[in-house]
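Below is one structure, written out as structure tokens, with a few remarks after it.
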Amino acid sequence: MKILLMGNPNVGKSVIFNRLTGARVIESNYPGTTVDYIRGWIQLKGKSVELVDVPGTFSLEPKDKAEEVAVKMLEEEKDAVVVCIIDASKVERGLYLTLEIIERGYPVVVALNMDDVAKDKNIQIDVKKLEQILGVPVVPTVAISGEGIKKLVSRIEEASPIKIDKIIEKAGD
Ligand SMILES: Nc1nc2c(ncn2[C@@H]2O[C@H](COP(=O)(O)OP(=O)(O)OP(=O)(O)O)[C@@H](O)[C@H]2O)c(=O)[nH]1
Ligand SMILES: [Mg+2]
């Protein structure tokens, strides 16, 4: 059981991954492909839980090999909690994938990353309203400065309490 970091290409997944994980990471190719992905560990309630930086995808209907791998990784982890990263300056585009993942029944936490870019562009997002509509936690973040990352971790701990507790319980210390 894992936590998957998912989102469209270029939304800041890897910067968030680096902020959430320690130095110990493993890079591998997805079996039978040249598509690589990185795994690391995040500290949740004092336990170390595996976090995966999944290749970027626009939807769960894959258009290329990397997207195919992203969808397979999701489907192989039925018990995963998914952190969906959305570019706050391109919310509609990111919401498509997020909604597909929520529809499949995964517990989701949304990081509205690039909040600084959205602010520069005068894009205002009603976070509370978005949370109500999606029914999942939504946390604005600026991955490059670290803003919102602590909050994001605390909301991950809240995501579907039963599932996240099971993940933490099974995680090695
Ligand atoms: N201004 C700003 N730039 C950011 C933020 N987060 C990430 N970036 C930048 O956006 C670019 C993409 O970040 P990545 O973390 O590589 O994005 P990614 O989602 O992993 O991209 P792929 O793995 O190619 O799909 C990099 O140049 C980051 O430095 C943010 O919150 N604000
Ligand atoms: Mg990346």
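Numbering starts fresh at 1 for the residues of each chain in the structure tokens, the chains themselves are lettered A, B, ... in the order given, and ligands are numbered from 1 as they appear.
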
Run DSSP on the backbone and grab whatever in chain A lands in helix (DSSP H, G or I); send it over as a PDB file with N, CA and C atoms, in the first residue's frame.
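Contents of out24.pdb, as written:
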```
ATOM      1  N   LYS A  13       5.086  17.918  -9.748  1.00  0.00           N
ATOM      2  CA  LYS A  13       5.050  16.652  -8.990  1.00  0.00           C
ATOM      3  C   LYS A  13       6.405  16.333  -8.372  1.00  0.00           C
ATOM      4  N   SER A  14       7.461  16.460  -9.178  1.00  0.00           N
ATOM      5  CA  SER A  14       8.775  16.051  -8.679  1.00  0.00           C
ATOM      6  C   SER A  14       9.307  16.998  -7.607  1.00  0.00           C
ATOM      7  N   VAL A  15       9.005  18.288  -7.737  1.00  0.00           N
ATOM      8  CA  VAL A  15       9.456  19.227  -6.690  1.00  0.00           C
ATOM      9  C   VAL A  15       8.723  18.907  -5.380  1.00  0.00           C
ATOM     10  N   ILE A  16       7.452  18.608  -5.475  1.00  0.00           N
ATOM     11  CA  ILE A  16       6.688  18.239  -4.272  1.00  0.00           C
ATOM     12  C   ILE A  16       7.218  16.918  -3.715  1.00  0.00           C
ATOM     13  N   PHE A  17       7.479  15.961  -4.590  1.00  0.00           N
ATOM     14  CA  PHE A  17       8.040  14.669  -4.168  1.00  0.00           C
ATOM     15  C   PHE A  17       9.324  14.889  -3.367  1.00  0.00           C
ATOM     16  N   ASN A  18      10.208  15.735  -3.892  1.00  0.00           N
ATOM     17  CA  ASN A  18      11.482  16.000  -3.207  1.00  0.00           C
ATOM     18  C   ASN A  18      11.276  16.666  -1.860  1.00  0.00           C
ATOM     19  N   ARG A  19      10.254  17.516  -1.755  1.00  0.00           N
ATOM     20  CA  ARG A  19       9.990  18.180  -0.472  1.00  0.00           C
ATOM     21  C   ARG A  19       9.420  17.205   0.547  1.00  0.00           C
ATOM     22  N   LEU A  20       8.653  16.227   0.056  1.00  0.00           N
ATOM     23  CA  LEU A  20       7.982  15.307   0.972  1.00  0.00           C
ATOM     24  C   LEU A  20       8.877  14.167   1.424  1.00  0.00           C
ATOM     25  N   LYS A  65       3.088   5.887 -23.924  1.00  0.00           N
ATOM     26  CA  LYS A  65       3.640   4.878 -23.015  1.00  0.00           C
ATOM     27  C   LYS A  65       3.685   5.366 -21.559  1.00  0.00           C
ATOM     28  N   ALA A  66       4.122   6.611 -21.361  1.00  0.00           N
ATOM     29  CA  ALA A  66       4.232   7.135 -19.995  1.00  0.00           C
ATOM     30  C   ALA A  66       2.855   7.198 -19.336  1.00  0.00           C
ATOM     31  N   GLU A  67       1.868   7.614 -20.104  1.00  0.00           N
ATOM     32  CA  GLU A  67       0.505   7.689 -19.558  1.00  0.00           C
ATOM     33  C   GLU A  67      -0.016   6.288 -19.246  1.00  0.00           C
ATOM     34  N   GLU A  68       0.355   5.333 -20.110  1.00  0.00           N
ATOM     35  CA  GLU A  68      -0.044   3.949 -19.882  1.00  0.00           C
ATOM     36  C   GLU A  68       0.510   3.450 -18.544  1.00  0.00           C
ATOM     37  N   VAL A  69       1.778   3.769 -18.298  1.00  0.00           N
ATOM     38  CA  VAL A  69       2.412   3.355 -17.050  1.00  0.00           C
ATOM     39  C   VAL A  69       1.714   4.018 -15.857  1.00  0.00           C
ATOM     40  N   ALA A  70       1.402   5.291 -15.988  1.00  0.00           N
ATOM     41  CA  ALA A  70       0.733   6.006 -14.896  1.00  0.00           C
ATOM     42  C   ALA A  70      -0.586   5.317 -14.540  1.00  0.00           C
ATOM     43  N   VAL A  71      -1.358   4.965 -15.564  1.00  0.00           N
ATOM     44  CA  VAL A  71      -2.658   4.327 -15.325  1.00  0.00           C
ATOM     45  C   VAL A  71      -2.472   2.943 -14.708  1.00  0.00           C
ATOM     46  N   LYS A  72      -1.472   2.193 -15.208  1.00  0.00           N
ATOM     47  CA  LYS A  72      -1.214   0.863 -14.642  1.00  0.00           C
ATOM     48  C   LYS A  72      -0.820   0.963 -13.179  1.00  0.00           C
ATOM     49  N   MET A  73       0.036   1.941 -12.859  1.00  0.00           N
ATOM     50  CA  MET A  73       0.488   2.084 -11.472  1.00  0.00           C
ATOM     51  C   MET A  73      -0.694   2.363 -10.559  1.00  0.00           C
ATOM     52  N   LEU A  74      -1.634   3.160 -11.044  1.00  0.00           N
ATOM     53  CA  LEU A  74      -2.830   3.452 -10.247  1.00  0.00           C
ATOM     54  C   LEU A  74      -3.662   2.189 -10.080  1.00  0.00           C
ATOM     55  N   GLU A  75      -3.871   1.477 -11.176  1.00  0.00           N
ATOM     56  CA  GLU A  75      -4.739   0.295 -11.131  1.00  0.00           C
ATOM     57  C   GLU A  75      -4.138  -0.842 -10.299  1.00  0.00           C
ATOM     58  N   GLU A  76      -2.804  -0.875 -10.214  1.00  0.00           N
ATOM     59  CA  GLU A  76      -2.144  -1.916  -9.422  1.00  0.00           C
ATOM     60  C   GLU A  76      -2.203  -1.629  -7.927  1.00  0.00           C
ATOM     61  N   ALA A  88      -2.409  25.397 -10.358  1.00  0.00           N
ATOM     62  CA  ALA A  88      -3.460  26.350  -9.970  1.00  0.00           C
ATOM     63  C   ALA A  88      -3.749  27.380 -11.058  1.00  0.00           C
ATOM     64  N   SER A  89      -2.811  27.519 -12.007  1.00  0.00           N
ATOM     65  CA  SER A  89      -3.054  28.472 -13.091  1.00  0.00           C
ATOM     66  C   SER A  89      -3.738  27.792 -14.284  1.00  0.00           C
ATOM     67  N   LYS A  90      -3.951  26.468 -14.164  1.00  0.00           N
ATOM     68  CA  LYS A  90      -4.640  25.709 -15.236  1.00  0.00           C
ATOM     69  C   LYS A  90      -5.565  24.681 -14.593  1.00  0.00           C
ATOM     70  N   VAL A  91      -6.424  25.176 -13.705  1.00  0.00           N
ATOM     71  CA  VAL A  91      -7.209  24.266 -12.868  1.00  0.00           C
ATOM     72  C   VAL A  91      -8.093  23.304 -13.659  1.00  0.00           C
ATOM     73  N   GLU A  92      -8.786  23.829 -14.680  1.00  0.00           N
ATOM     74  CA  GLU A  92      -9.747  22.981 -15.391  1.00  0.00           C
ATOM     75  C   GLU A  92      -9.090  21.755 -15.988  1.00  0.00           C
ATOM     76  N   ARG A  93      -7.923  21.965 -16.563  1.00  0.00           N
ATOM     77  CA  ARG A  93      -7.191  20.881 -17.182  1.00  0.00           C
ATOM     78  C   ARG A  93      -6.848  19.800 -16.160  1.00  0.00           C
ATOM     79  N   GLY A  94      -6.411  20.234 -14.984  1.00  0.00           N
ATOM     80  CA  GLY A  94      -6.008  19.285 -13.952  1.00  0.00           C
ATOM     81  C   GLY A  94      -7.179  18.596 -13.290  1.00  0.00           C
ATOM     82  N   LEU A  95      -8.313  19.279 -13.251  1.00  0.00           N
ATOM     83  CA  LEU A  95      -9.481  18.704 -12.593  1.00  0.00           C
ATOM     84  C   LEU A  95      -9.981  17.460 -13.300  1.00  0.00           C
ATOM     85  N   TYR A  96      -9.779  17.396 -14.599  1.00  0.00           N
ATOM     86  CA  TYR A  96     -10.256  16.259 -15.378  1.00  0.00           C
ATOM     87  C   TYR A  96      -9.692  14.949 -14.814  1.00  0.00           C
ATOM     88  N   LEU A  97      -8.357  14.913 -14.681  1.00  0.00           N
ATOM     89  CA  LEU A  97      -7.701  13.706 -14.149  1.00  0.00           C
ATOM     90  C   LEU A  97      -8.134  13.452 -12.699  1.00  0.00           C
ATOM     91  N   THR A  98      -8.154  14.528 -11.911  1.00  0.00           N
ATOM     92  CA  THR A  98      -8.526  14.393 -10.501  1.00  0.00           C
ATOM     93  C   THR A  98      -9.912  13.772 -10.364  1.00  0.00           C
ATOM     94  N   LEU A  99     -10.857  14.247 -11.157  1.00  0.00           N
ATOM     95  CA  LEU A  99     -12.221  13.713 -11.091  1.00  0.00           C
ATOM     96  C   LEU A  99     -12.251  12.247 -11.492  1.00  0.00           C
ATOM     97  N   GLU A 100     -11.460  11.894 -12.491  1.00  0.00           N
ATOM     98  CA  GLU A 100     -11.421  10.484 -12.905  1.00  0.00           C
ATOM     99  C   GLU A 100     -10.912   9.603 -11.760  1.00  0.00           C
ATOM    100  N   ILE A 101      -9.908  10.100 -11.034  1.00  0.00           N
ATOM    101  CA  ILE A 101      -9.330   9.308  -9.938  1.00  0.00           C
ATOM    102  C   ILE A 101     -10.322   9.215  -8.768  1.00  0.00           C
ATOM    103  N   ILE A 102     -10.997  10.323  -8.476  1.00  0.00           N
ATOM    104  CA  ILE A 102     -12.016  10.310  -7.413  1.00  0.00           C
ATOM    105  C   ILE A 102     -13.137   9.336  -7.792  1.00  0.00           C
ATOM    106  N   GLU A 103     -13.553   9.393  -9.072  1.00  0.00           N
ATOM    107  CA  GLU A 103     -14.636   8.504  -9.542  1.00  0.00           C
ATOM    108  C   GLU A 103     -14.291   7.039  -9.372  1.00  0.00           C
ATOM    109  N   ASP A 115       0.641  28.090  -6.908  1.00  0.00           N
ATOM    110  CA  ASP A 115      -0.246  29.126  -6.402  1.00  0.00           C
ATOM    111  C   ASP A 115       0.334  30.515  -6.667  1.00  0.00           C
ATOM    112  N   ASP A 116       1.657  30.613  -6.651  1.00  0.00           N
ATOM    113  CA  ASP A 116       2.317  31.901  -6.947  1.00  0.00           C
ATOM    114  C   ASP A 116       2.058  32.346  -8.389  1.00  0.00           C
ATOM    115  N   VAL A 117       2.102  31.390  -9.314  1.00  0.00           N
ATOM    116  CA  VAL A 117       1.857  31.705 -10.731  1.00  0.00           C
ATOM    117  C   VAL A 117       0.400  32.147 -10.915  1.00  0.00           C
ATOM    118  N   ALA A 118      -0.506  31.419 -10.269  1.00  0.00           N
ATOM    119  CA  ALA A 118      -1.932  31.768 -10.362  1.00  0.00           C
ATOM    120  C   ALA A 118      -2.153  33.187  -9.832  1.00  0.00           C
ATOM    121  N   LYS A 119      -1.506  33.501  -8.687  1.00  0.00           N
ATOM    122  CA  LYS A 119      -1.663  34.837  -8.092  1.00  0.00           C
ATOM    123  C   LYS A 119      -1.139  35.910  -9.039  1.00  0.00           C
ATOM    124  N   ASP A 120       0.021  35.635  -9.649  1.00  0.00           N
ATOM    125  CA  ASP A 120       0.596  36.585 -10.611  1.00  0.00           C
ATOM    126  C   ASP A 120      -0.348  36.837 -11.775  1.00  0.00           C
ATOM    127  N   VAL A 127     -11.015  28.019  -2.660  1.00  0.00           N
ATOM    128  CA  VAL A 127     -10.551  26.699  -2.228  1.00  0.00           C
ATOM    129  C   VAL A 127     -11.629  25.943  -1.450  1.00  0.00           C
ATOM    130  N   LYS A 128     -12.316  26.675  -0.554  1.00  0.00           N
ATOM    131  CA  LYS A 128     -13.375  26.034   0.249  1.00  0.00           C
ATOM    132  C   LYS A 128     -14.468  25.453  -0.647  1.00  0.00           C
ATOM    133  N   LYS A 129     -14.831  26.239  -1.656  1.00  0.00           N
ATOM    134  CA  LYS A 129     -15.882  25.809  -2.582  1.00  0.00           C
ATOM    135  C   LYS A 129     -15.425  24.582  -3.381  1.00  0.00           C
ATOM    136  N   LEU A 130     -14.186  24.630  -3.806  1.00  0.00           N
ATOM    137  CA  LEU A 130     -13.634  23.501  -4.568  1.00  0.00           C
ATOM    138  C   LEU A 130     -13.635  22.232  -3.704  1.00  0.00           C
ATOM    139  N   GLU A 131     -13.289  22.395  -2.422  1.00  0.00           N
ATOM    140  CA  GLU A 131     -13.320  21.256  -1.489  1.00  0.00           C
ATOM    141  C   GLU A 131     -14.723  20.690  -1.371  1.00  0.00           C
ATOM    142  N   GLN A 132     -15.703  21.604  -1.306  1.00  0.00           N
ATOM    143  CA  GLN A 132     -17.102  21.158  -1.182  1.00  0.00           C
ATOM    144  C   GLN A 132     -17.536  20.403  -2.427  1.00  0.00           C
ATOM    145  N   ILE A 133     -17.170  20.936  -3.590  1.00  0.00           N
ATOM    146  CA  ILE A 133     -17.595  20.314  -4.851  1.00  0.00           C
ATOM    147  C   ILE A 133     -16.940  18.941  -5.027  1.00  0.00           C
ATOM    148  N   LEU A 134     -15.643  18.875  -4.743  1.00  0.00           N
ATOM    149  CA  LEU A 134     -14.915  17.621  -4.958  1.00  0.00           C
ATOM    150  C   LEU A 134     -15.117  16.638  -3.808  1.00  0.00           C
ATOM    151  N   ILE A 149       3.285  23.032   2.112  1.00  0.00           N
ATOM    152  CA  ILE A 149       3.679  21.613   2.114  1.00  0.00           C
ATOM    153  C   ILE A 149       3.341  20.932   3.447  1.00  0.00           C
ATOM    154  N   LYS A 150       3.576  21.645   4.557  1.00  0.00           N
ATOM    155  CA  LYS A 150       3.250  21.065   5.866  1.00  0.00           C
ATOM    156  C   LYS A 150       1.754  20.784   5.967  1.00  0.00           C
ATOM    157  N   LYS A 151       0.986  21.758   5.488  1.00  0.00           N
ATOM    158  CA  LYS A 151      -0.471  21.624   5.480  1.00  0.00           C
ATOM    159  C   LYS A 151      -0.880  20.419   4.634  1.00  0.00           C
ATOM    160  N   LEU A 152      -0.217  20.270   3.510  1.00  0.00           N
ATOM    161  CA  LEU A 152      -0.514  19.151   2.615  1.00  0.00           C
ATOM    162  C   LEU A 152      -0.293  17.819   3.346  1.00  0.00           C
ATOM    163  N   VAL A 153       0.821  17.723   4.063  1.00  0.00           N
ATOM    164  CA  VAL A 153       1.116  16.488   4.812  1.00  0.00           C
ATOM    165  C   VAL A 153       0.025  16.223   5.839  1.00  0.00           C
ATOM    166  N   SER A 154      -0.421  17.278   6.543  1.00  0.00           N
ATOM    167  CA  SER A 154      -1.443  17.050   7.556  1.00  0.00           C
ATOM    168  C   SER A 154      -2.763  16.627   6.924  1.00  0.00           C
ATOM    169  N   ARG A 155      -3.043  17.130   5.725  1.00  0.00           N
ATOM    170  CA  ARG A 155      -4.284  16.707   5.059  1.00  0.00           C
ATOM    171  C   ARG A 155      -4.162  15.291   4.501  1.00  0.00           C
ATOM    172  N   ILE A 156      -2.945  14.877   4.118  1.00  0.00           N
ATOM    173  CA  ILE A 156      -2.750  13.493   3.657  1.00  0.00           C
ATOM    174  C   ILE A 156      -3.086  12.552   4.821  1.00  0.00           C
ATOM    175  N   GLU A 157      -2.644  12.937   6.017  1.00  0.00           N
ATOM    176  CA  GLU A 157      -2.923  12.102   7.196  1.00  0.00           C
ATOM    177  C   GLU A 157      -4.427  11.988   7.451  1.00  0.00           C
ATOM    178  N   GLU A 158      -5.178  12.982   6.983  1.00  0.00           N
ATOM    179  CA  GLU A 158      -6.634  12.987   7.176  1.00  0.00           C
ATOM    180  C   GLU A 158      -7.370  12.210   6.100  1.00  0.00           C
ATOM    181  N   PRO A 161      -9.474   8.338   6.683  1.00  0.00           N
ATOM    182  CA  PRO A 161      -8.763   7.902   7.878  1.00  0.00           C
ATOM    183  C   PRO A 161      -8.503   6.400   7.947  1.00  0.00           C
ATOM    184  N   ILE A 162      -9.476   5.586   7.531  1.00  0.00           N
ATOM    185  CA  ILE A 162      -9.294   4.136   7.649  1.00  0.00           C
ATOM    186  C   ILE A 162      -8.153   3.670   6.764  1.00  0.00           C
ATOM    187  N   LYS A 163      -8.176   4.143   5.520  1.00  0.00           N
ATOM    188  CA  LYS A 163      -7.159   3.709   4.571  1.00  0.00           C
ATOM    189  C   LYS A 163      -5.761   4.193   4.966  1.00  0.00           C
ATOM    190  N   ILE A 164      -5.668   5.454   5.346  1.00  0.00           N
ATOM    191  CA  ILE A 164      -4.347   5.993   5.660  1.00  0.00           C
ATOM    192  C   ILE A 164      -3.811   5.333   6.938  1.00  0.00           C
ATOM    193  N   ASP A 165      -4.685   5.029   7.893  1.00  0.00           N
ATOM    194  CA  ASP A 165      -4.232   4.350   9.112  1.00  0.00           C
ATOM    195  C   ASP A 165      -3.707   2.966   8.789  1.00  0.00           C
ATOM    196  N   LYS A 166      -4.382   2.289   7.839  1.00  0.00           N
ATOM    197  CA  LYS A 166      -3.943   0.963   7.421  1.00  0.00           C
ATOM    198  C   LYS A 166      -2.566   1.051   6.759  1.00  0.00           C
ATOM    199  N   ILE A 167      -2.385   2.082   5.945  1.00  0.00           N
ATOM    200  CA  ILE A 167      -1.112   2.260   5.250  1.00  0.00           C
ATOM    201  C   ILE A 167      -0.003   2.516   6.266  1.00  0.00           C
ATOM    202  N   ILE A 168      -0.284   3.383   7.237  1.00  0.00           N
ATOM    203  CA  ILE A 168       0.730   3.721   8.239  1.00  0.00           C
ATOM    204  C   ILE A 168       1.059   2.497   9.104  1.00  0.00           C
ATOM    205  N   GLU A 169       0.012   1.740   9.427  1.00  0.00           N
ATOM    206  CA  GLU A 169       0.173   0.550  10.264  1.00  0.00           C
ATOM    207  C   GLU A 169       1.067  -0.478   9.581  1.00  0.00           C
ATOM    208  N   LYS A 170       0.867  -0.642   8.251  1.00  0.00           N
ATOM    209  CA  LYS A 170       1.643  -1.648   7.517  1.00  0.00           C
ATOM    210  C   LYS A 170       3.049  -1.165   7.165  1.00  0.00           C
TER     211      LYS A 170
END
```

Item to complete: May I ask you to write as a PyMOL selection string all residues lying at most 8 Å from ligand 2, with only C-alpha atoms and all ligand atoms counted?
Response: chain A and resi 9-10+12-15+53-56

Write out, as a PDB file, in the first residue's frame, the residues just selected, with N, CA and C atoms.
```pdb
ATOM      1  N   PRO A   9       1.540  16.421 -16.740  1.00  0.00           N
ATOM      2  CA  PRO A   9       2.964  16.723 -16.855  1.00  0.00           C
ATOM      3  C   PRO A   9       3.266  18.175 -16.449  1.00  0.00           C
ATOM      4  N   ASN A  10       4.424  18.368 -15.817  1.00  0.00           N
ATOM      5  CA  ASN A  10       4.926  19.713 -15.558  1.00  0.00           C
ATOM      6  C   ASN A  10       4.148  20.554 -14.550  1.00  0.00           C
ATOM      7  N   GLY A  12       4.677  20.209 -11.220  1.00  0.00           N
ATOM      8  CA  GLY A  12       5.454  20.314  -9.980  1.00  0.00           C
ATOM      9  C   GLY A  12       5.464  19.052  -9.148  1.00  0.00           C
ATOM     10  N   LYS A  13       5.086  17.918  -9.748  1.00  0.00           N
ATOM     11  CA  LYS A  13       5.050  16.652  -8.990  1.00  0.00           C
ATOM     12  C   LYS A  13       6.405  16.333  -8.372  1.00  0.00           C
ATOM     13  N   SER A  14       7.461  16.460  -9.178  1.00  0.00           N
ATOM     14  CA  SER A  14       8.775  16.051  -8.679  1.00  0.00           C
ATOM     15  C   SER A  14       9.307  16.998  -7.607  1.00  0.00           C
ATOM     16  N   VAL A  15       9.005  18.288  -7.737  1.00  0.00           N
ATOM     17  CA  VAL A  15       9.456  19.227  -6.690  1.00  0.00           C
ATOM     18  C   VAL A  15       8.723  18.907  -5.380  1.00  0.00           C
ATOM     19  N   ASP A  53       6.426   8.903  -7.216  1.00  0.00           N
ATOM     20  CA  ASP A  53       6.298  10.005  -8.174  1.00  0.00           C
ATOM     21  C   ASP A  53       5.896   9.374  -9.514  1.00  0.00           C
ATOM     22  N   VAL A  54       4.604   9.333  -9.759  1.00  0.00           N
ATOM     23  CA  VAL A  54       4.051   8.643 -10.939  1.00  0.00           C
ATOM     24  C   VAL A  54       4.261   9.525 -12.177  1.00  0.00           C
ATOM     25  N   PRO A  55       4.565   8.915 -13.344  1.00  0.00           N
ATOM     26  CA  PRO A  55       4.698   9.734 -14.556  1.00  0.00           C
ATOM     27  C   PRO A  55       3.442  10.584 -14.799  1.00  0.00           C
ATOM     28  N   GLY A  56       3.633  11.761 -15.381  1.00  0.00           N
ATOM     29  CA  GLY A  56       2.509  12.669 -15.621  1.00  0.00           C
ATOM     30  C   GLY A  56       1.524  12.106 -16.632  1.00  0.00           C
TER      31      GLY A  56
END
```

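Nearest-residue note for ligand 1: choosing from A:Gly135, A:Gly7, A:Gly46, A:Gly148, the minimum distance belongs to A:Gly7, counting only C-alpha atoms and all ligand atoms.
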
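Residues surrounding Val83 of chain A within 8 Å are Ile3, Leu4, Leu5, Met6, Val108, Val109, Val110, Ala111 and Ile156 of chain A [only C-alpha atoms; sequence separation below 3 positions excluded].
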
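For Leu112 of chain A, the non-local neighbours within 8 Å, defined as residues at least 3 positions apart in the same chain or in other chains and counting only C-alpha atoms, are Ile85, Ile86, Asp87, Ala88, Asp115, Val138, Val139, Pro140 and Thr141 of chain A.
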
Response to the item:
Of A:Ser48, A:Asn113, A:Asn29, A:Gln43, the one sitting nearest Asn8 of chain A when using only C-alpha atoms is A:Asn113

Discussion item. What's the separation between atom CA of Ala143 of chain A and atom 7 (C, counted along the ligand's line) of ligand 1, in Å to one decimal place?
Written reply: 5.4 Å

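Each of A:Ser145, A:Met1, A:Met114, A:Ile123 was compared to ligand 1 using only C-alpha atoms and all ligand atoms, and A:Met114 turns out to be the nearest.
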
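Checking A:Val11, A:Gln124, A:Ala23, A:Pro137 one by one against ligand 1, counting only C-alpha atoms and all ligand atoms, you find the shortest gap at A:Val11.
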
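Taking atom 32 (N, counted along the ligand's line) of ligand 1 and atom CA of Ile144 of chain A as endpoints, the distance between them is 5.4 Å.
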
Item to complete: DSSP on the backbone, then: every residue of segment 6-104 of chain A marked strand (DSSP E or B), written as a list in words.
Response: Met6, Gly7, Ile26, Glu27, Ser28, Asn29, Asp36, Tyr37, Ile38, Arg39, Gly40, Trp41, Ile42, Gln43, Leu44, Lys47, Ser48, Val49, Glu50, Leu51, Val52, Asp53, Val81, Val82, Val83, Cys84, Ile85, Ile86 and Asp87 of chain A

Worksheet item: How far is it from atom CA of Val136 of chain A to atom CA of Ser160 of chain A, in Å with one decimal?
Response: 9.2 Å

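For Ser28 of chain A, the residues within 8 Å (counting only C-alpha atoms, excluding itself and residues fewer than 6 positions away along the chain) are Asp36, Tyr37 and Ile38 of chain A.
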